[in-house]
Structures are given as structure tokens and as C-alpha cells.
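Chemist: Here it is, the structure in full.
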Amino acid sequence: MIGEWCLDTAATEATVLSGEERRSYFRRIADAQLRAWEPAVAWTYWSYKLHTDDPKHDPWDMGRAIELRWLPDDLAPGT
């Protein structure tokens with residue numbers, strides 16, 4: 001089992017990206033991590049829902065990352 005993970009890279013370049021560049025950056029990270037976790041029996045994302053609207057926390061919030069299309073839609077509950 002893979003313990004907690006998220007899309008935060010602590011890379012300063014991620015903070016200046018906007019729009020499609022930001023989505024593409026985080027989607028590449030998500031795709032790489034999900035491929036790495038494929039052989040695992042299970043994994044746990046850091047948090048499904050953070051109670052903040054601060055965009056700097058979006059990489060830690062799975063629900064928000066799905067909304068922003070950083071993570072695949074099929075990771076959403078009920079899909």
C-alpha cells in the first residue's frame with residue numbers, strides 16, 4: 001500500500017503557471033505517480049477535501065485536483 005501522496009512538488013515554477021500550462025504541469029505529475037502506484041494494492045491521497053479556497057492548497061486536495069482536471073475523472077467517488 002502506498003501511503004499519503006499528493007501533487008505538491010514544492011517547485012517554485014508551478015506557482016507562476018496559469019491556465020492550461022498549470023493543468024498540464026500537474027496532469028503530467030499525476031499521470032507519472034499513478035503509473036508508479038499501479039502495482040500497489042491500494043494508495044491514499046493526502047486529503048479528499050480541504051476546507052480552504054486558497055489555490056496554493058489545490059495540489060493537496062483530491063476533489064479540487066479532479067475538478068481542475070489534474071487527476072483523471074475516473075478517480076472521483078461513484079465513477
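Scheme for the C-alpha cells: letters A, B, ... for chains in order shown; per-chain residue numbers from 1; ligand numbers from 1 in order shown.
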I'd like the neighbourhood of Leu34 of chain A as a PyMOL selection string, where a residue qualifies if any of its atoms comes within 10 Å (using only C-alpha atoms), though same-chain residues fewer than 6 positions away should be ignored.

Modeler: chain A and resi 28+40+43+71-72

Chemist: Separation of atom CA of Tyr48 of chain A and atom CA of Ile2 of chain A, in Å?

Modeler: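 So the answer is 15.7 Å.
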
Chemist: Just want the 9 Å neighbourhood of segment 58-64 of chain A, counted on only C-alpha atoms, with same-chain residues fewer than 4 positions away dropped. Output as a PyMOL selection string.

Modeler: chain A and resi 5-9+26+45-50+52-54+68-71+75-76

Chemist: Step one, run DSSP on the backbone; step two, keep only residues of chain A assigned to alpha helix (DSSP H); then write them as a ChimeraX atom specification.

Modeler: /A:13-16,19-37,62-67

Chemist: Go through A:Leu17, A:Arg27, A:Ala32, A:Pro39 one by one, measure the shortest atom-to-atom distance of each to Glu67 of chain A using only C-alpha atoms, and give the residue with the smallest value.

Modeler: A:Arg27

Chemist: Could you check how far atom CA of Ala42 of chain A sits from atom CA of Ala65 of chain A, in Å to one decimal?

Modeler: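 It comes out at 19.0 Å.
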
Chemist: Using only C-alpha atoms, can you tell me which of A:Trp37, A:Lys56, A:Asp73, A:Arg23 comes closest to Ala10 of chain A?

Modeler: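 Looking only at the distances to Ala10 of chain A, the closest residue turns out to be A:Lys56.
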
Chemist: Write out as a PyMOL selection string the set of residues from chain A that DSSP, computed on the backbone, places in strand (DSSP E or B).

Modeler: chain A and resi 2-5+43-45+47+61

Chemist: Pull C-alpha atoms from the residues just selected and write them as a short mmCIF file (atom, residue, chain, number, x, y, z; two decimals), in the first residue's frame.

Modeler:
data_model
loop_
_atom_site.label_atom_id
_atom_site.label_comp_id
_atom_site.auth_asym_id
_atom_site.auth_seq_id
_atom_site.Cartn_x
_atom_site.Cartn_y
_atom_site.Cartn_z
CA ILE A 2 1.20 3.47 -0.89
CA GLY A 3 0.81 5.94 1.93
CA GLU A 4 -0.30 9.52 1.54
CA TRP A 5 0.66 11.29 -1.65
CA TRP A 43 -2.98 4.10 -2.24
CA THR A 44 -4.18 7.05 -0.18
CA TYR A 45 -4.31 10.65 -1.41
CA SER A 47 -6.86 14.74 1.59
CA ASP A 61 -6.99 18.47 -2.26
#
